[in-house]
$ cat upload_27.cif   # mmCIF, C-alpha atoms
data_coords
loop_
_atom_site.group_PDB
_atom_site.id
_atom_site.type_symbol
_atom_site.label_atom_id
_atom_site.label_comp_id
_atom_site.auth_asym_id
_atom_site.auth_seq_id
_atom_site.Cartn_x
_atom_site.Cartn_y
_atom_site.Cartn_z
ATOM 1 C CA MET A 1 34.191 148.400 125.492
ATOM 2 C CA THR A 2 31.296 150.849 125.110
ATOM 3 C CA ALA A 3 28.715 148.070 125.349
ATOM 4 C CA ARG A 4 30.322 146.695 128.493
ATOM 5 C CA GLU A 5 30.274 150.135 130.121
ATOM 6 C CA LEU A 6 26.629 150.680 129.235
ATOM 7 C CA ASP A 7 25.657 147.214 130.430
ATOM 8 C CA ALA A 8 27.476 147.794 133.710
ATOM 9 C CA ALA A 9 25.642 151.092 134.185
ATOM 10 C CA GLY A 10 22.284 149.421 133.563
ATOM 11 C CA ILE A 11 21.539 151.517 130.466
ATOM 12 C CA THR A 12 19.385 149.356 128.211
ATOM 13 C CA ASP A 13 17.288 151.682 126.034
ATOM 14 C CA PRO A 14 18.800 151.660 122.500
ATOM 15 C CA ARG A 15 18.454 155.406 121.873
ATOM 16 C CA LEU A 16 19.928 156.230 125.258
ATOM 17 C CA ARG A 17 22.810 153.822 124.666
ATOM 18 C CA ALA A 18 23.476 155.530 121.337
ATOM 19 C CA ALA A 19 23.438 158.930 123.050
ATOM 20 C CA TYR A 20 25.998 157.829 125.649
ATOM 21 C CA ALA A 21 28.163 156.260 122.966
ATOM 22 C CA HIS A 22 28.135 159.570 121.088
ATOM 23 C CA CYS A 23 29.324 161.390 124.227
ATOM 24 C CA ARG A 24 32.078 158.834 124.673
ATOM 25 C CA ARG A 25 33.325 159.530 121.160
ATOM 26 C CA LEU A 26 33.393 163.277 121.901
ATOM 27 C CA ASN A 27 35.440 162.601 125.020
ATOM 28 C CA ALA A 28 37.875 160.340 123.180
ATOM 29 C CA ARG A 29 38.353 162.815 120.326
ATOM 30 C CA HIS A 30 38.635 166.083 122.233
ATOM 31 C CA GLY A 31 39.764 165.240 125.757
ATOM 32 C CA LYS A 32 42.642 162.835 125.346
ATOM 33 C CA THR A 33 44.153 163.439 128.788
ATOM 34 C CA TYR A 34 40.885 163.190 130.647
ATOM 35 C CA PHE A 35 39.630 160.289 128.533
ATOM 36 C CA LEU A 36 42.749 158.319 129.411
ATOM 37 C CA ALA A 37 42.106 158.917 133.111
ATOM 38 C CA THR A 38 38.413 158.045 132.755
ATOM 39 C CA ARG A 39 39.360 154.569 131.536
ATOM 40 C CA LEU A 40 40.530 153.882 135.104
ATOM 41 C CA LEU A 41 37.049 154.276 136.565
ATOM 42 C CA PRO A 42 34.841 151.233 137.157
ATOM 43 C CA ALA A 43 32.914 150.561 133.959
ATOM 44 C CA ASP A 44 29.545 151.486 135.448
ATOM 45 C CA ARG A 45 30.663 155.065 136.178
ATOM 46 C CA ARG A 46 32.292 155.889 132.864
ATOM 47 C CA PRO A 47 29.131 156.630 130.826
ATOM 48 C CA ALA A 48 28.061 159.393 133.218
ATOM 49 C CA VAL A 49 31.463 161.059 133.018
ATOM 50 C CA HIS A 50 31.389 160.812 129.237
ATOM 51 C CA ALA A 51 27.939 162.448 129.200
ATOM 52 C CA LEU A 52 29.024 165.349 131.395
ATOM 53 C CA TYR A 53 32.213 165.930 129.426
ATOM 54 C CA GLY A 54 30.439 165.478 126.102
ATOM 55 C CA PHE A 55 27.874 168.116 126.937
ATOM 56 C CA ALA A 56 30.540 170.587 128.091
ATOM 57 C CA ARG A 57 32.565 169.922 124.940
ATOM 58 C CA TRP A 58 29.542 170.412 122.698
ATOM 59 C CA ALA A 59 28.596 173.731 124.311
ATOM 60 C CA ASP A 60 32.179 174.951 124.093
ATOM 61 C CA ASP A 61 32.312 174.053 120.409
ATOM 62 C CA LEU A 62 29.167 176.107 119.768
ATOM 63 C CA VAL A 63 30.976 179.122 121.176
ATOM 64 C CA ASP A 64 34.328 178.569 119.464
ATOM 65 C CA ASP A 65 33.911 176.358 116.403
ATOM 66 C CA LEU A 66 30.486 176.998 114.907
ATOM 67 C CA GLY A 67 31.859 177.452 111.412
ATOM 68 C CA THR A 68 34.425 180.027 110.435
ATOM 69 C CA ASP A 69 31.784 182.483 109.191
ATOM 70 C CA ALA A 70 29.461 182.336 112.201
ATOM 71 C CA GLY A 71 29.100 185.718 113.874
ATOM 72 C CA PRO A 72 28.257 186.556 117.512
ATOM 73 C CA ALA A 73 24.518 186.651 116.806
ATOM 74 C CA GLU A 74 24.520 183.183 115.247
ATOM 75 C CA ARG A 75 26.602 181.757 118.064
ATOM 76 C CA ALA A 76 24.320 183.356 120.657
ATOM 77 C CA TRP A 77 21.280 181.871 118.919
ATOM 78 C CA ALA A 78 22.862 178.400 118.909
ATOM 79 C CA LEU A 79 23.806 178.680 122.580
ATOM 80 C CA ASP A 80 20.331 179.872 123.557
ATOM 81 C CA SER A 81 18.809 176.971 121.623
ATOM 82 C CA LEU A 82 21.041 174.566 123.507
ATOM 83 C CA ARG A 83 20.082 176.141 126.835
ATOM 84 C CA ARG A 84 16.375 175.732 126.081
ATOM 85 C CA CYS A 85 16.943 172.156 124.953
ATOM 86 C CA LEU A 86 18.879 171.432 128.148
ATOM 87 C CA ASP A 87 16.224 172.984 130.376
ATOM 88 C CA GLU A 88 13.543 170.870 128.721
ATOM 89 C CA GLY A 89 15.692 167.745 128.987
ATOM 90 C CA LEU A 90 16.435 168.266 132.674
ATOM 91 C CA ARG A 91 12.745 168.835 133.408
ATOM 92 C CA GLY A 92 11.369 165.959 131.367
ATOM 93 C CA GLY A 93 14.244 163.495 131.218
ATOM 94 C CA ALA A 94 14.136 163.212 127.426
ATOM 95 C CA SER A 95 15.461 165.145 124.447
ATOM 96 C CA PRO A 96 15.785 164.775 120.677
ATOM 97 C CA GLU A 97 19.442 165.810 121.012
ATOM 98 C CA PRO A 98 21.655 162.811 121.912
ATOM 99 C CA VAL A 99 24.084 164.745 124.110
ATOM 100 C CA VAL A 100 21.270 166.388 126.077
ATOM 101 C CA ARG A 101 19.474 163.040 126.347
ATOM 102 C CA ALA A 102 22.531 161.465 127.949
ATOM 103 C CA VAL A 103 23.356 164.357 130.269
ATOM 104 C CA ALA A 104 19.739 164.680 131.448
ATOM 105 C CA HIS A 105 19.675 160.976 132.261
ATOM 106 C CA THR A 106 22.990 161.296 134.105
ATOM 107 C CA ALA A 107 21.710 164.268 136.119
ATOM 108 C CA ALA A 108 18.624 162.309 137.143
ATOM 109 C CA VAL A 109 20.429 159.105 138.064
ATOM 110 C CA HIS A 110 23.126 160.836 140.098
ATOM 111 C CA GLY A 111 21.059 163.618 141.613
ATOM 112 C CA ILE A 112 23.169 166.414 140.106
ATOM 113 C CA ASP A 113 22.070 169.933 141.005
ATOM 114 C CA HIS A 114 20.496 171.557 137.937
ATOM 115 C CA GLY A 115 21.918 174.883 139.062
ATOM 116 C CA HIS A 116 25.378 173.668 138.051
ATOM 117 C CA PHE A 117 24.210 173.426 134.441
ATOM 118 C CA ALA A 118 22.678 176.904 134.563
ATOM 119 C CA ASP A 119 25.957 178.324 135.884
ATOM 120 C CA PHE A 120 27.876 176.540 133.154
ATOM 121 C CA MET A 121 25.665 177.940 130.413
ATOM 122 C CA ALA A 122 26.018 181.449 131.864
ATOM 123 C CA SER A 123 29.804 181.219 131.548
ATOM 124 C CA MET A 124 29.521 179.939 127.994
ATOM 125 C CA ARG A 125 27.418 182.995 127.238
ATOM 126 C CA MET A 126 30.166 185.198 128.676
ATOM 127 C CA ASP A 127 32.570 183.843 126.071
ATOM 128 C CA LEU A 128 30.477 185.530 123.393
ATOM 129 C CA VAL A 129 31.006 189.022 124.809
ATOM 130 C CA VAL A 130 33.915 189.022 127.279
ATOM 131 C CA THR A 131 37.395 189.081 125.765
ATOM 132 C CA ASP A 132 39.607 189.639 128.805
ATOM 133 C CA TYR A 133 39.582 189.689 132.605
ATOM 134 C CA PRO A 134 41.035 192.653 134.530
ATOM 135 C CA THR A 135 41.771 190.659 137.713
ATOM 136 C CA TYR A 136 41.938 187.094 138.953
ATOM 137 C CA ALA A 137 38.724 187.724 140.899
ATOM 138 C CA ASP A 138 37.003 188.566 137.604
ATOM 139 C CA LEU A 139 38.359 185.383 136.050
ATOM 140 C CA GLN A 140 37.212 183.339 139.037
ATOM 141 C CA ARG A 141 33.617 184.429 138.458
ATOM 142 C CA TYR A 142 33.863 183.065 134.929
ATOM 143 C CA MET A 143 35.613 179.860 136.027
ATOM 144 C CA HIS A 144 32.958 179.082 138.605
ATOM 145 C CA GLY A 145 30.573 178.243 135.769
ATOM 146 C CA SER A 146 33.090 177.050 133.209
ATOM 147 C CA ALA A 147 35.223 174.818 135.439
ATOM 148 C CA ALA A 148 34.325 174.630 139.132
ATOM 149 C CA VAL A 149 30.819 173.344 138.468
ATOM 150 C CA ILE A 150 32.248 170.582 136.253
ATOM 151 C CA GLY A 151 34.029 169.223 139.313
ATOM 152 C CA LEU A 152 30.808 169.541 141.307
ATOM 153 C CA GLN A 153 28.810 167.732 138.618
ATOM 154 C CA ILE A 154 31.218 164.808 138.526
ATOM 155 C CA LEU A 155 31.560 164.440 142.293
ATOM 156 C CA PRO A 156 28.320 162.438 142.809
ATOM 157 C CA VAL A 157 29.420 160.069 140.047
ATOM 158 C CA LEU A 158 32.790 159.473 141.665
ATOM 159 C CA GLY A 159 31.353 159.049 145.161
ATOM 160 C CA THR A 160 32.942 160.138 148.431
ATOM 161 C CA ARG A 161 34.001 158.671 151.753
ATOM 162 C CA VAL A 162 32.964 161.879 153.484
ATOM 163 C CA PRO A 163 29.832 164.017 153.134
ATOM 164 C CA GLN A 164 29.823 165.489 149.653
ATOM 165 C CA GLU A 165 29.738 169.050 150.966
ATOM 166 C CA GLU A 166 33.123 168.444 152.604
ATOM 167 C CA ALA A 167 34.689 167.275 149.343
ATOM 168 C CA ALA A 168 32.925 169.828 147.136
ATOM 169 C CA PRO A 169 35.374 172.761 147.542
ATOM 170 C CA HIS A 170 38.264 170.502 146.537
ATOM 171 C CA ALA A 171 36.371 169.126 143.544
ATOM 172 C CA ALA A 172 35.600 172.680 142.422
ATOM 173 C CA ALA A 173 39.249 173.674 142.867
ATOM 174 C CA LEU A 174 40.403 170.742 140.755
ATOM 175 C CA GLY A 175 38.115 171.823 137.921
ATOM 176 C CA VAL A 176 39.591 175.316 138.143
ATOM 177 C CA ALA A 177 43.164 173.971 138.218
ATOM 178 C CA PHE A 178 42.544 171.961 135.057
ATOM 179 C CA GLN A 179 41.101 174.982 133.278
ATOM 180 C CA LEU A 180 43.903 177.308 134.360
ATOM 181 C CA THR A 181 46.316 174.730 132.951
ATOM 182 C CA ASN A 182 44.475 174.810 129.645
ATOM 183 C CA PHE A 183 44.471 178.616 129.636
ATOM 184 C CA LEU A 184 48.237 178.656 130.039
ATOM 185 C CA ARG A 185 48.812 175.998 127.398
ATOM 186 C CA ASP A 186 46.400 177.645 124.941
ATOM 187 C CA VAL A 187 47.377 181.311 125.277
ATOM 188 C CA GLY A 188 48.158 181.561 121.572
ATOM 189 C CA GLU A 189 45.037 179.763 120.352
ATOM 190 C CA ASP A 190 42.793 181.797 122.642
ATOM 191 C CA LEU A 191 44.454 184.987 121.444
ATOM 192 C CA ASP A 192 43.571 184.012 117.886
ATOM 193 C CA ARG A 193 39.931 183.766 119.026
ATOM 194 C CA GLY A 194 40.181 187.289 120.410
ATOM 195 C CA ARG A 195 40.392 186.276 124.075
ATOM 196 C CA VAL A 196 42.986 186.606 126.817
ATOM 197 C CA TYR A 197 42.072 184.557 129.858
ATOM 198 C CA LEU A 198 45.143 185.337 131.951
ATOM 199 C CA PRO A 199 44.322 188.216 134.336
ATOM 200 C CA ALA A 200 45.351 191.583 132.944
ATOM 201 C CA ASP A 201 46.780 192.769 136.261
ATOM 202 C CA LEU A 202 49.016 189.682 136.508
ATOM 203 C CA LEU A 203 50.325 190.328 132.997
ATOM 204 C CA ALA A 204 50.720 194.070 133.612
ATOM 205 C CA ALA A 205 52.882 193.419 136.680
ATOM 206 C CA HIS A 206 55.482 192.120 134.227
ATOM 207 C CA GLY A 207 54.907 194.750 131.549
ATOM 208 C CA VAL A 208 52.794 192.455 129.362
ATOM 209 C CA ASP A 209 49.531 193.346 127.646
ATOM 210 C CA ARG A 210 47.421 192.050 124.777
ATOM 211 C CA SER A 211 49.373 193.989 122.167
ATOM 212 C CA LEU A 212 52.690 192.476 123.281
ATOM 213 C CA LEU A 213 51.179 188.985 123.219
ATOM 214 C CA ARG A 214 49.804 189.662 119.733
ATOM 215 C CA TRP A 215 53.192 190.916 118.531
ATOM 216 C CA SER A 216 54.929 187.808 119.854
ATOM 217 C CA ARG A 217 52.316 185.501 118.338
ATOM 218 C CA ASP A 218 52.470 187.191 114.935
ATOM 219 C CA THR A 219 56.238 187.544 114.669
ATOM 220 C CA GLY A 220 57.313 184.327 116.373
ATOM 221 C CA ARG A 221 59.673 186.385 118.514
ATOM 222 C CA GLN A 222 59.946 186.211 122.282
ATOM 223 C CA ASP A 223 60.110 188.983 124.848
ATOM 224 C CA ARG A 224 61.595 188.152 128.251
ATOM 225 C CA ARG A 225 58.641 189.782 130.001
ATOM 226 C CA ILE A 226 56.226 187.210 128.621
ATOM 227 C CA PRO A 227 57.872 184.092 130.162
ATOM 228 C CA ALA A 228 58.069 185.912 133.493
ATOM 229 C CA ALA A 229 54.328 186.621 133.422
ATOM 230 C CA LEU A 230 53.483 183.082 132.348
ATOM 231 C CA ALA A 231 55.689 181.652 135.095
ATOM 232 C CA GLU A 232 53.663 183.603 137.636
ATOM 233 C CA ALA A 233 50.455 182.277 136.091
ATOM 234 C CA ALA A 234 51.859 178.755 136.393
ATOM 235 C CA ALA A 235 52.718 179.341 140.061
ATOM 236 C CA LEU A 236 49.178 180.553 140.696
ATOM 237 C CA THR A 237 47.841 177.419 139.009
ATOM 238 C CA ARG A 238 50.026 175.122 141.095
ATOM 239 C CA GLY A 239 48.598 176.779 144.185
ATOM 240 C CA VAL A 240 45.097 175.803 143.046
ATOM 241 C CA TYR A 241 46.280 172.217 142.550
ATOM 242 C CA ARG A 242 47.530 172.223 146.158
ATOM 243 C CA ALA A 243 44.109 173.395 147.340
ATOM 244 C CA ALA A 244 42.446 170.618 145.329
ATOM 245 C CA GLU A 245 44.718 167.721 146.275
ATOM 246 C CA PRO A 246 43.225 166.884 149.726
ATOM 247 C CA GLY A 247 39.970 166.075 147.980
ATOM 248 C CA LEU A 248 41.492 163.067 146.211
ATOM 249 C CA ALA A 249 41.637 161.116 149.470
ATOM 250 C CA MET A 250 37.973 161.971 150.128
ATOM 251 C CA LEU A 251 36.811 160.086 147.043
ATOM 252 C CA GLU A 252 35.722 156.472 147.052
ATOM 253 C CA PRO A 253 38.853 154.328 146.622
ATOM 254 C CA VAL A 254 37.746 152.977 143.235
ATOM 255 C CA SER A 255 37.532 156.549 141.879
ATOM 256 C CA ARG A 256 40.828 157.817 143.232
ATOM 257 C CA PRO A 257 43.128 156.295 140.565
ATOM 258 C CA CYS A 258 41.196 158.072 137.818
ATOM 259 C CA MET A 259 41.337 161.486 139.441
ATOM 260 C CA ARG A 260 44.902 161.041 140.682
ATOM 261 C CA THR A 261 45.972 160.191 137.130
ATOM 262 C CA ALA A 262 44.164 163.254 135.739
ATOM 263 C CA PHE A 263 45.753 165.342 138.499
ATOM 264 C CA VAL A 264 49.247 164.135 137.578
ATOM 265 C CA LEU A 265 48.782 164.384 133.803
ATOM 266 C CA TYR A 266 47.379 167.915 133.887
ATOM 267 C CA GLY A 267 50.187 168.921 136.225
ATOM 268 C CA ALA A 268 52.592 167.460 133.690
ATOM 269 C CA ILE A 269 51.244 169.938 131.130
ATOM 270 C CA LEU A 270 52.492 172.721 133.412
ATOM 271 C CA ASP A 271 55.871 170.981 133.508
ATOM 272 C CA ALA A 272 55.920 170.819 129.702
ATOM 273 C CA VAL A 273 55.069 174.527 129.441
ATOM 274 C CA ARG A 274 57.941 175.328 131.806
ATOM 275 C CA ASP A 275 60.386 172.989 130.096
ATOM 276 C CA GLN A 276 59.839 174.635 126.707
ATOM 277 C CA GLY A 277 60.529 178.053 128.226
ATOM 278 C CA TYR A 278 56.901 179.235 128.337
ATOM 279 C CA ALA A 279 56.892 179.517 124.554
ATOM 280 C CA VAL A 280 53.169 178.734 124.383
ATOM 281 C CA LEU A 281 52.529 181.588 121.984
ATOM 282 C CA HIS A 282 54.568 179.736 119.385
ATOM 283 C CA ARG A 283 53.957 176.025 119.965
ATOM 284 C CA ARG A 284 51.642 173.830 121.992
ATOM 285 C CA ALA A 285 53.124 172.145 125.040
ATOM 286 C CA VAL A 286 52.444 168.398 125.135
ATOM 287 C CA VAL A 287 53.173 165.629 127.602
ATOM 288 C CA SER A 288 55.329 162.893 126.125
ATOM 289 C CA ARG A 289 53.719 159.573 125.286
ATOM 290 C CA ARG A 290 56.217 157.845 127.538
ATOM 291 C CA ARG A 291 55.175 159.920 130.553
ATOM 292 C CA ARG A 292 51.480 159.522 129.751
ATOM 293 C CA ALA A 293 51.870 155.763 129.459
ATOM 294 C CA ALA A 294 53.867 155.462 132.685
ATOM 295 C CA THR A 295 51.314 157.514 134.589
ATOM 296 C CA ALA A 296 48.416 155.526 133.152
ATOM 297 C CA LEU A 297 50.039 152.200 134.000
ATOM 298 C CA GLY A 298 50.578 153.318 137.576
ATOM 299 C CA GLY A 299 46.957 154.407 137.752
ATOM 300 C CA LEU A 300 45.804 151.087 136.329
ATOM 301 C CA ALA A 301 47.684 149.162 139.019
ATOM 302 C CA ARG A 302 46.047 151.297 141.722
ATOM 303 C CA ALA A 303 42.630 150.915 140.093
ATOM 304 C CA VAL A 304 42.881 147.120 140.035
ATOM 305 C CA ALA A 305 43.973 147.034 143.664
ATOM 306 C CA ALA A 306 41.149 149.390 144.702
ATOM 307 C CA ARG A 307 38.493 147.290 142.987
ATOM 308 C CA ARG A 308 39.730 144.134 144.705
ATOM 309 C CA THR A 309 39.316 145.705 148.130
ATOM 310 C CA ALA A 310 36.235 147.841 147.412
ATOM 311 C CA ARG A 311 33.577 148.027 150.103
ATOM 312 C CA PRO A 312 30.300 149.982 150.373
ATOM 313 C CA PRO A 313 30.877 153.714 150.824
ATOM 314 C CA VAL A 314 30.383 155.459 154.153
ATOM 315 C CA ALA A 315 28.786 158.476 152.459
ATOM 316 C CA ALA A 316 25.976 157.466 150.116
ATOM 317 C CA ARG A 317 26.389 158.622 146.527
ATOM 318 C CA GLY A 318 23.748 160.792 144.920
ATOM 319 C CA ARG A 319 22.882 158.021 142.470
ATOM 320 C CA THR A 320 21.828 155.714 145.339
ATOM 321 C CA LEU A 321 19.444 158.368 146.667
ATOM 322 C CA CYS A 322 17.877 159.660 143.435
ATOM 323 C CA PRO A 323 15.990 157.077 141.354
ATOM 324 C CA ALA A 324 16.590 157.120 137.638
ATOM 325 C CA ARG A 325 13.986 158.760 135.479
ATOM 326 C CA LYS A 326 12.363 156.727 132.757
ATOM 327 C CA GLU A 327 14.746 156.278 129.873
ATOM 328 C CA SER A 328 13.998 158.170 126.686
ATOM 329 C CA PRO A 329 11.833 156.346 124.168
#
$ encode --input "upload_27.cif" --output "structure tokens"
Amino acid sequence: MTARELDAAGITDPRLRAAYAHCRRLNARHGKTYFLATRLLPADRRPAVHALYGFARWADDLVDDLGTDAGPAERAWALDSLRRCLDEGLRGGASPEPVVRAVAHTAAVHGIDHGHFADFMASMRMDLVVTDYPTYADLQRYMHGSAAVIGLQILPVLGTRVPQEEAAPHAAALGVAFQLTNFLRDVGEDLDRGRVYLPADLLAAHGVDRSLLRWSRDTGRQDRRIPAALAEAAALTRGVYRAAEPGLAMLEPVSRPCMRTAFVLYGAILDAVRDQGYAVLHRRAVVSRRRRAATALGGLARAVAARRTARPPVAARGRTLCPARKESP
């Protein structure tokens, strides 16, 4: 399957093919929901999505999983090294690091704004020093780089039926909605890393603070104030999904099944959190295999139908306007 995707995308250089394949493995291992949805894209567009996700996953792992004994200074050094490597890769189109090699090639082929990568790295740097967010506005500044720009990076790969600037706010909102969903699902795990992503003022409105969350996590006991606060966070997140949804119809038809499936599956995580009584401090909410399979099968049927009736897009994609740089030797 990987070879077919790379062939369809016109990626022939062996080292570059290996770099894209590595990113695909990262996507498959760490992003099960999104990887499932990505399978619904036309084969020629999947490698670029894998590269973008693989890079984001790699940077996030440097912040969170760089060995159990790694301190802030070591993590900062690793992140700075990655930023320099990325800057060099984006400028020259080549890199000794496979993930950077693939993402730099993707950025060149699809004409992705390099500023999106700079904003992303700035938010990753924030994770080294910021442990909570007083207000939703504070959190939004972080999520611009950590989530909104991911939607903006992927948009040229997906293609649009309208000018990209019209679809961009919805793509950014969808990235934010996905991340807010993860924040809600991962409250306990993030707390163990010393972070609380849910806005402090939202929690405080229900009498919840970090110490109460820590008590509940450590004791396994529930406090009625916590589900009330998390329910409000879920309602806020659903509002962001509503803001994002009009953008799905703005995508090229062959890309819509992928993003619609991701939209539905991430929304189902919110349903799972609700159905288990917002007990995310004690167990991880998961979408049942049956629901995942049913959603994927529906998406597959729509994807097949879209490919049969595909026609050239009205709004040219970035990749048709920006020639590919020379592949890495």
$ residues_around --input "upload_27.cif" --residues "Leu281 in chain A" --least-positions-apart "5" --cutoff "8 Å" --atoms "only C-alpha atoms" --output "JSON, numbers by chain"
{"A": [186, 187, 188, 189, 213, 216, 217, 220]}
$ write_last_selection --input "upload_27.cif" --atoms "C-alpha atoms" --output "PDB file, in the frame of the given file"
ATOM      1  CA  ASP A 186      46.400 177.645 124.941  1.00  0.00           C
ATOM      2  CA  VAL A 187      47.377 181.311 125.277  1.00  0.00           C
ATOM      3  CA  GLY A 188      48.158 181.561 121.572  1.00  0.00           C
ATOM      4  CA  GLU A 189      45.037 179.763 120.352  1.00  0.00           C
ATOM      5  CA  LEU A 213      51.179 188.985 123.219  1.00  0.00           C
ATOM      6  CA  SER A 216      54.929 187.808 119.854  1.00  0.00           C
ATOM      7  CA  ARG A 217      52.316 185.501 118.338  1.00  0.00           C
ATOM      8  CA  GLY A 220      57.313 184.327 116.373  1.00  0.00           C
TER       9      GLY A 220
END
$ atom_distance --input "upload_27.cif" --atom1 "CA of Ala102 in chain A" --atom2 "CA of Leu36 in chain A"
20.5 Å
$ residues_around --input "upload_27.cif" --residues "range 261-273 of chain A" --least-positions-apart "5" --cutoff "7 Å" --atoms "all atoms listed in the file" --output "PyMOL selection string"
chain A and resi 33-34+37+178+181+185+234+278+280+285-287+292+295-296+299
$ write_last_selection --input "upload_27.cif" --atoms "C-alpha atoms" --output "CSV table (one decimal), keeping the file's coordinate frame"
chain,number,residue,atom,x,y,z
A,33,THR,CA,44.2,163.4,128.8
A,34,TYR,CA,40.9,163.2,130.6
A,37,ALA,CA,42.1,158.9,133.1
A,178,PHE,CA,42.5,172.0,135.1
A,181,THR,CA,46.3,174.7,133.0
A,185,ARG,CA,48.8,176.0,127.4
A,234,ALA,CA,51.9,178.8,136.4
A,278,TYR,CA,56.9,179.2,128.3
A,280,VAL,CA,53.2,178.7,124.4
A,285,ALA,CA,53.1,172.1,125.0
A,286,VAL,CA,52.4,168.4,125.1
A,287,VAL,CA,53.2,165.6,127.6
A,292,ARG,CA,51.5,159.5,129.8
A,295,THR,CA,51.3,157.5,134.6
A,296,ALA,CA,48.4,155.5,133.2
A,299,GLY,CA,47.0,154.4,137.8
$ atom_distance --input "upload_27.cif" --atom1 "CA of Pro47 in chain A" --atom2 "CA of Pro246 in chain A"
25.7 Å
$ closest_residue --input "upload_27.cif" --among "A:Ala305, A:Ala94, A:Ala8, A:Leu139" --to "Val196 in chain A" --atoms "only C-alpha atoms"
A:Leu139
$ resolve_selection --input "upload_27.cif" --expression "the PyMOL selection byres ((chain A and resi 142) around 10)" --output "PyMOL selection string"
chain A and resi 119-120+122-124+126-127+130+133+136-141+143-148+197
$ resolve_selection --input "upload_27.cif" --expression "the PyMOL selection byres ((chain A and resi 11) around 12)" --output "number ranges by chain"
A: 2-10, 12-21, 43-48, 102, 105-106, 109, 324-328
$ residues_around --input "upload_27.cif" --residues "Leu174 in chain A" --least-positions-apart "5" --cutoff "7 Å" --atoms "only C-alpha atoms" --output "count of residues only"
3
$ resolve_selection --input "upload_27.cif" --expression "the PyMOL selection byres ((chain A and resi 116) around 8)" --output "JSON, numbers by chain"
{"A": [112, 113, 114, 115, 117, 118, 119, 120, 145, 149, 150, 152, 153]}
$ atom_distance --input "upload_27.cif" --atom1 "CA of Ala173 in chain A" --atom2 "CA of Glu232 in chain A"
18.3 Å
$ residues_around --input "upload_27.cif" --residues "Ala204 in chain A" --least-positions-apart "6" --cutoff "10 Å" --atoms "all atoms listed in the file" --output "list in words"
Pro134, Arg210, Arg225 and Ala229 of chain A
$ write_last_selection --input "upload_27.cif" --atoms "C-alpha atoms" --output "PDB file, in the frame of the given file"
ATOM      1  CA  PRO A 134      41.035 192.653 134.530  1.00  0.00           C
ATOM      2  CA  ARG A 210      47.421 192.050 124.777  1.00  0.00           C
ATOM      3  CA  ARG A 225      58.641 189.782 130.001  1.00  0.00           C
ATOM      4  CA  ALA A 229      54.328 186.621 133.422  1.00  0.00           C
TER       5      ALA A 229
END
$ residues_near_point --input "upload_27.cif" --point "(58.5, 179.1, 132.4)" --cutoff "6 Å" --atoms "all atoms listed in the file" --output "list in words"
Pro227, Ala231, Arg274, Gly277 and Tyr278 of chain A
$ residues_near_point --input "upload_27.cif" --point "(53.8, 192.6, 133.9)" --cutoff "10 Å" --atoms "all atoms listed in the file" --output "list in words"
Ala200, Asp201, Leu202, Leu203, Ala204, Ala205, His206, Gly207, Val208, Asp209, Arg225, Ile226, Ala228, Ala229, Leu230 and Glu232 of chain A
$ build_atoms --input "upload_27.cif" --residues "range 200-207 of chain A" --atoms "N, CA, C and O atoms" --output "PDB file, in the frame of the given file"
ATOM      1  N   ALA A 200      44.594 190.450 133.479  1.00  0.00           N
ATOM      2  CA  ALA A 200      45.351 191.583 132.944  1.00  0.00           C
ATOM      3  C   ALA A 200      46.297 192.167 133.978  1.00  0.00           C
ATOM      4  O   ALA A 200      47.401 192.602 133.628  1.00  0.00           O
ATOM      5  N   ASP A 201      45.898 192.183 135.257  1.00  0.00           N
ATOM      6  CA  ASP A 201      46.780 192.769 136.261  1.00  0.00           C
ATOM      7  C   ASP A 201      48.008 191.892 136.504  1.00  0.00           C
ATOM      8  O   ASP A 201      49.106 192.405 136.761  1.00  0.00           O
ATOM      9  N   LEU A 202      47.862 190.574 136.387  1.00  0.00           N
ATOM     10  CA  LEU A 202      49.016 189.682 136.508  1.00  0.00           C
ATOM     11  C   LEU A 202      49.994 189.939 135.359  1.00  0.00           C
ATOM     12  O   LEU A 202      51.207 190.032 135.577  1.00  0.00           O
ATOM     13  N   LEU A 203      49.470 190.056 134.148  1.00  0.00           N
ATOM     14  CA  LEU A 203      50.325 190.328 132.997  1.00  0.00           C
ATOM     15  C   LEU A 203      50.989 191.698 133.125  1.00  0.00           C
ATOM     16  O   LEU A 203      52.197 191.855 132.876  1.00  0.00           O
ATOM     17  N   ALA A 204      50.204 192.701 133.533  1.00  0.00           N
ATOM     18  CA  ALA A 204      50.720 194.070 133.612  1.00  0.00           C
ATOM     19  C   ALA A 204      51.836 194.197 134.632  1.00  0.00           C
ATOM     20  O   ALA A 204      52.743 195.034 134.470  1.00  0.00           O
ATOM     21  N   ALA A 205      51.820 193.368 135.673  1.00  0.00           N
ATOM     22  CA  ALA A 205      52.882 193.419 136.680  1.00  0.00           C
ATOM     23  C   ALA A 205      54.238 193.093 136.079  1.00  0.00           C
ATOM     24  O   ALA A 205      55.285 193.439 136.649  1.00  0.00           O
ATOM     25  N   HIS A 206      54.236 192.458 134.917  1.00  0.00           N
ATOM     26  CA  HIS A 206      55.482 192.120 134.227  1.00  0.00           C
ATOM     27  C   HIS A 206      55.645 192.912 132.928  1.00  0.00           C
ATOM     28  O   HIS A 206      56.519 192.593 132.112  1.00  0.00           O
ATOM     29  N   GLY A 207      54.804 193.926 132.749  1.00  0.00           N
ATOM     30  CA  GLY A 207      54.907 194.750 131.549  1.00  0.00           C
ATOM     31  C   GLY A 207      54.321 194.118 130.307  1.00  0.00           C
ATOM     32  O   GLY A 207      54.687 194.484 129.184  1.00  0.00           O
TER      33      GLY A 207
END
